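Beneath this line is the structure, given in structure tokens, with notes to follow.
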Amino acid sequence: MKAEQVESADFIFLFFPLSSKILMASKLQQLQSKACQASKYVARNGTAYYKQLLEENKHYIQEPATVEKCNELSKQLFYTRLASIPGRTESFWKELDYVKNLWKNKSELKVEDASIAALFGLECFAWFCAGEIVGRGFTFTGYYP
């Protein structure tokens, strides 16, 4: 068999022993089975859950649902968020002062604080990478021409 004739999925399996192939196949079957069970559960109980959710939260529903009411609610949301900006900026400056204080007192830095900062940096990087992938049209290799 020539290397050009080998499909990409088959190419990956050339490097794994037979036991790994069987294990992967059984895991795939288990995953398919679980997905099928979940799909059946949603098909059976989805409508009941939807009705229950609406019933529990009916005090949030505005009746009648008119365009004017939707515009009023969107303005309320906008101005409420606008009014919360001073509180959020104050929180931001407090956090920044905390980080500056940690940086000044590096010798007193605990492993716990350093690991939390490292995890936060890793999370920021992961969200950046996810955004890049979405921006490329869900490809890993590059942008479309």
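Here, A, B, ... name the chains of the structure tokens in the order displayed, residue numbers run from 1 inside each chain, and ligands are numbered from 1 in the same displayed order.
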
(request) Show which residues sit within 12 Å of Phe140 in chain A, as a ChimeraX atom specification. Count only C-alpha atoms, and ignore same-chain residues fewer than 5 positions away. (result) /A:129-135

How close does each residue of range 39-105 of chain A get to range 110-124 of chain A, giving the shortest atom pair and distance in Å to one decimal for every residue with an atom at most 12 Å away, counting only C-alpha atoms, sorted by chain and residue number, as JSON lines?
{"residue": "A:Tyr98", "atom": "CA", "partner": "A:Asp113", "partner_atom": "CA", "distance": 11.6}
{"residue": "A:Val99", "atom": "CA", "partner": "A:Ala117", "partner_atom": "CA", "distance": 9.9}
{"residue": "A:Leu102", "atom": "CA", "partner": "A:Asp113", "partner_atom": "CA", "distance": 9.1}
{"residue": "A:Trp103", "atom": "CA", "partner": "A:Ala114", "partner_atom": "CA", "distance": 10.9}
{"residue": "A:Asn105", "atom": "CA", "partner": "A:Lys110", "partner_atom": "CA", "distance": 10.5}

Write to file, as a PDB file, in the first residue's frame, the residues of the selection just made, with C-alpha atoms.
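The result, stored in result.pdb:
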ATOM      1  CA  TYR A  98      -4.445  44.234  44.648  1.00  0.00           C
ATOM      2  CA  VAL A  99      -2.254  42.975  41.793  1.00  0.00           C
ATOM      3  CA  LEU A 102       1.151  41.533  45.166  1.00  0.00           C
ATOM      4  CA  TRP A 103       3.839  42.588  42.701  1.00  0.00           C
ATOM      5  CA  ASN A 105       5.535  42.131  47.861  1.00  0.00           C
TER       6      ASN A 105
END

(message) Among range 56-119 of chain A, which ones does DSSP assign to helix (DSSP H, G or I) (computed from the backbone)? Answer as a PyMOL selection string.
(response) chain A and resi 56+58-60+67-83+85-104+106-108+111-119
